[in-house]
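Participant: Mind looking over this structure? Questions follow.
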Amino acid sequence: QVQLVESGGGLVQAGGSLRLSCAASGPSFSSSTMGWYRQAPGKQREWVANISTDRSTNYADSIKGRFTISRDNGKNTVYLQMNSLKPEDTGVYYCSLNTWYGRDYWGQGTQVTVSS
């Protein structure tokens, strides 16, 4: 059974930085693509970034150049370094694990609030 636990959210001023972590349990981490999504109040969940098993990365245009996704397979953890934060980055950030056999898992989310 896969479980994902996010941490590192909080309140930060515009221009500041936060580093989110997502710790995964279970044997699937190193063979799975990992992703980050976010959901702002009143909006649908949107994709932010992902990192594949070969560490290739993809980013949404809205955060490109400001956020960096990385993974540590030895710790079963994926990170999202967020710099130059903007108020529009506010939302609940979710970690996802996408297995090679087509099943997806989600964490419970961590709140990020950026004040202007």
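Within each chain, counting starts at residue 1; across the structure tokens, chains are named A, B, ... in the order shown, with ligands numbered 1 upward in that order.
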Give me the residues within 7 Å of range 19-30 of chain A as number ranges by chain, counting only C-alpha atoms and dropping any in the same chain fewer than 4 places off.

Facilitator: A: 1-9, 53, 73, 76-82, 95, 99

Participant: Could you pull the residues within 8 Å of Tyr37 in chain A, counting only C-alpha atoms, minus those fewer than 5 positions along the same chain, as number ranges by chain?

Facilitator: A: 45-49, 93-96

Participant: Measuring between only C-alpha atoms, which one of A:Ile63, A:Leu18, A:Met34, A:Ile51 shows the shortest distance to Gly107 in chain A?

Facilitator: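 Between A:Ile63, A:Leu18, A:Met34, A:Ile51, the residue approaching Gly107 in chain A most closely is A:Met34.
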
Participant: Please return as a count of residues only: the residues of chain A that backbone DSSP assigns to strand (DSSP E).

Facilitator: 62

Participant: Could you go through chain A and tell me which residues DSSP, when run on the backbone, assigns to helix (DSSP H, G or I), listing them as a PyMOL selection string?

Facilitator: chain A and resi 29-31+87-89

Participant: Selection from above, all heavy atoms, as a PDB file, in the first residue's frame, can you write it?

Facilitator:
```pdb
ATOM      1  N   PHE A  29       8.164   3.689  -5.242  1.00  0.00           N
ATOM      2  CA  PHE A  29       8.649   5.048  -5.456  1.00  0.00           C
ATOM      3  C   PHE A  29       9.642   5.149  -6.602  1.00  0.00           C
ATOM      4  O   PHE A  29       9.477   5.943  -7.526  1.00  0.00           O
ATOM      5  CB  PHE A  29       9.277   5.591  -4.169  1.00  0.00           C
ATOM      6  CG  PHE A  29       9.735   7.009  -4.287  1.00  0.00           C
ATOM      7  CD1 PHE A  29       8.847   8.046  -4.063  1.00  0.00           C
ATOM      8  CD2 PHE A  29      11.056   7.321  -4.616  1.00  0.00           C
ATOM      9  CE1 PHE A  29       9.257   9.373  -4.181  1.00  0.00           C
ATOM     10  CE2 PHE A  29      11.469   8.633  -4.733  1.00  0.00           C
ATOM     11  CZ  PHE A  29      10.572   9.664  -4.511  1.00  0.00           C
ATOM     12  N   SER A  30      10.707   4.355  -6.563  1.00  0.00           N
ATOM     13  CA  SER A  30      11.781   4.519  -7.538  1.00  0.00           C
ATOM     14  C   SER A  30      11.349   4.171  -8.956  1.00  0.00           C
ATOM     15  O   SER A  30      11.997   4.598  -9.918  1.00  0.00           O
ATOM     16  CB  SER A  30      12.990   3.675  -7.141  1.00  0.00           C
ATOM     17  OG  SER A  30      12.634   2.303  -7.102  1.00  0.00           O
ATOM     18  N   SER A  31      10.284   3.435  -9.116  1.00  0.00           N
ATOM     19  CA  SER A  31       9.808   3.039 -10.441  1.00  0.00           C
ATOM     20  C   SER A  31       8.618   3.870 -10.914  1.00  0.00           C
ATOM     21  O   SER A  31       7.974   3.524 -11.909  1.00  0.00           O
ATOM     22  CB  SER A  31       9.407   1.558 -10.442  1.00  0.00           C
ATOM     23  OG  SER A  31       8.352   1.316  -9.536  1.00  0.00           O
ATOM     24  N   PRO A  87       1.475  35.779  -4.740  1.00  0.00           N
ATOM     25  CA  PRO A  87       0.179  35.497  -4.110  1.00  0.00           C
ATOM     26  C   PRO A  87      -0.650  34.475  -4.897  1.00  0.00           C
ATOM     27  O   PRO A  87      -1.375  33.672  -4.286  1.00  0.00           O
ATOM     28  CB  PRO A  87      -0.503  36.870  -4.078  1.00  0.00           C
ATOM     29  CG  PRO A  87       0.640  37.827  -3.995  1.00  0.00           C
ATOM     30  CD  PRO A  87       1.727  37.229  -4.830  1.00  0.00           C
ATOM     31  N   GLU A  88      -0.515  34.470  -6.192  1.00  0.00           N
ATOM     32  CA  GLU A  88      -1.272  33.509  -7.004  1.00  0.00           C
ATOM     33  C   GLU A  88      -0.764  32.075  -6.875  1.00  0.00           C
ATOM     34  O   GLU A  88      -1.369  31.148  -7.412  1.00  0.00           O
ATOM     35  CB  GLU A  88      -1.286  33.925  -8.478  1.00  0.00           C
ATOM     36  CG  GLU A  88       0.072  34.222  -9.067  1.00  0.00           C
ATOM     37  CD  GLU A  88       0.386  35.708  -9.048  1.00  0.00           C
ATOM     38  OE1 GLU A  88       0.144  36.381  -8.027  1.00  0.00           O
ATOM     39  OE2 GLU A  88       0.918  36.200 -10.085  1.00  0.00           O
ATOM     40  N   ASP A  89       0.336  31.882  -6.162  1.00  0.00           N
ATOM     41  CA  ASP A  89       0.813  30.522  -5.880  1.00  0.00           C
ATOM     42  C   ASP A  89       0.100  29.915  -4.666  1.00  0.00           C
ATOM     43  O   ASP A  89       0.303  28.738  -4.342  1.00  0.00           O
ATOM     44  CB  ASP A  89       2.317  30.518  -5.616  1.00  0.00           C
ATOM     45  CG  ASP A  89       3.132  30.901  -6.827  1.00  0.00           C
ATOM     46  OD1 ASP A  89       2.803  30.450  -7.940  1.00  0.00           O
ATOM     47  OD2 ASP A  89       4.111  31.662  -6.666  1.00  0.00           O
TER      48      ASP A  89
END
```

Participant: Name all residues at most 10 Å from Gly65 in chain A (count only C-alpha atoms; drop same-chain ones fewer than 6 positions away) and give them as a list in words.

Facilitator: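 Non-adjacent residues within range: Tyr59, Met82, Asn83 and Ser84 of chain A.
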
Participant: Would you mind exporting the chosen residues as a JSON list (two decimals), in the first residue's frame, restricted to C-alpha atoms?

Facilitator:
```json
[["chain", "number", "residue", "atom", "x", "y", "z"],
["A", 59, "TYR", "CA", 6.93, 22.28, -15.42],
["A", 82, "MET", "CA", 9.56, 27.18, -4.62],
["A", 83, "ASN", "CA", 11.30, 30.54, -5.05],
["A", 84, "SER", "CA", 10.05, 34.01, -5.89]]
```

Participant: With only C-alpha atoms as the counted atoms, please give the residues lying no more than 7 Å from Gly10 in chain A, apart from itself and same-chain residues fewer than 5 positions off, as a tab-separated table (two decimals) with N, CA, C and O atoms, in the first residue's frame.

Facilitator:
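That gives us selection-v8.tsv:
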```
chain	number	residue	atom	x	y	z
A	111	GLN	N	-0.85	23.17	2.86
A	111	GLN	CA	-1.31	24.52	2.51
A	111	GLN	C	-0.12	25.45	2.33
A	111	GLN	O	0.79	25.52	3.17
A	112	VAL	N	-0.13	26.18	1.24
A	112	VAL	CA	0.84	27.24	0.98
A	112	VAL	C	0.06	28.55	0.83
A	112	VAL	O	-0.86	28.63	0.02
A	113	THR	N	0.44	29.53	1.62
A	113	THR	CA	-0.22	30.84	1.56
A	113	THR	C	0.85	31.89	1.35
A	113	THR	O	1.79	31.99	2.14
```

Participant: Given the choices A:Arg38, A:Lys43, A:Arg71, A:Gly15, which gets closest to Gln108 in chain A if the distance is worked out from only C-alpha atoms?

Facilitator: A:Arg38
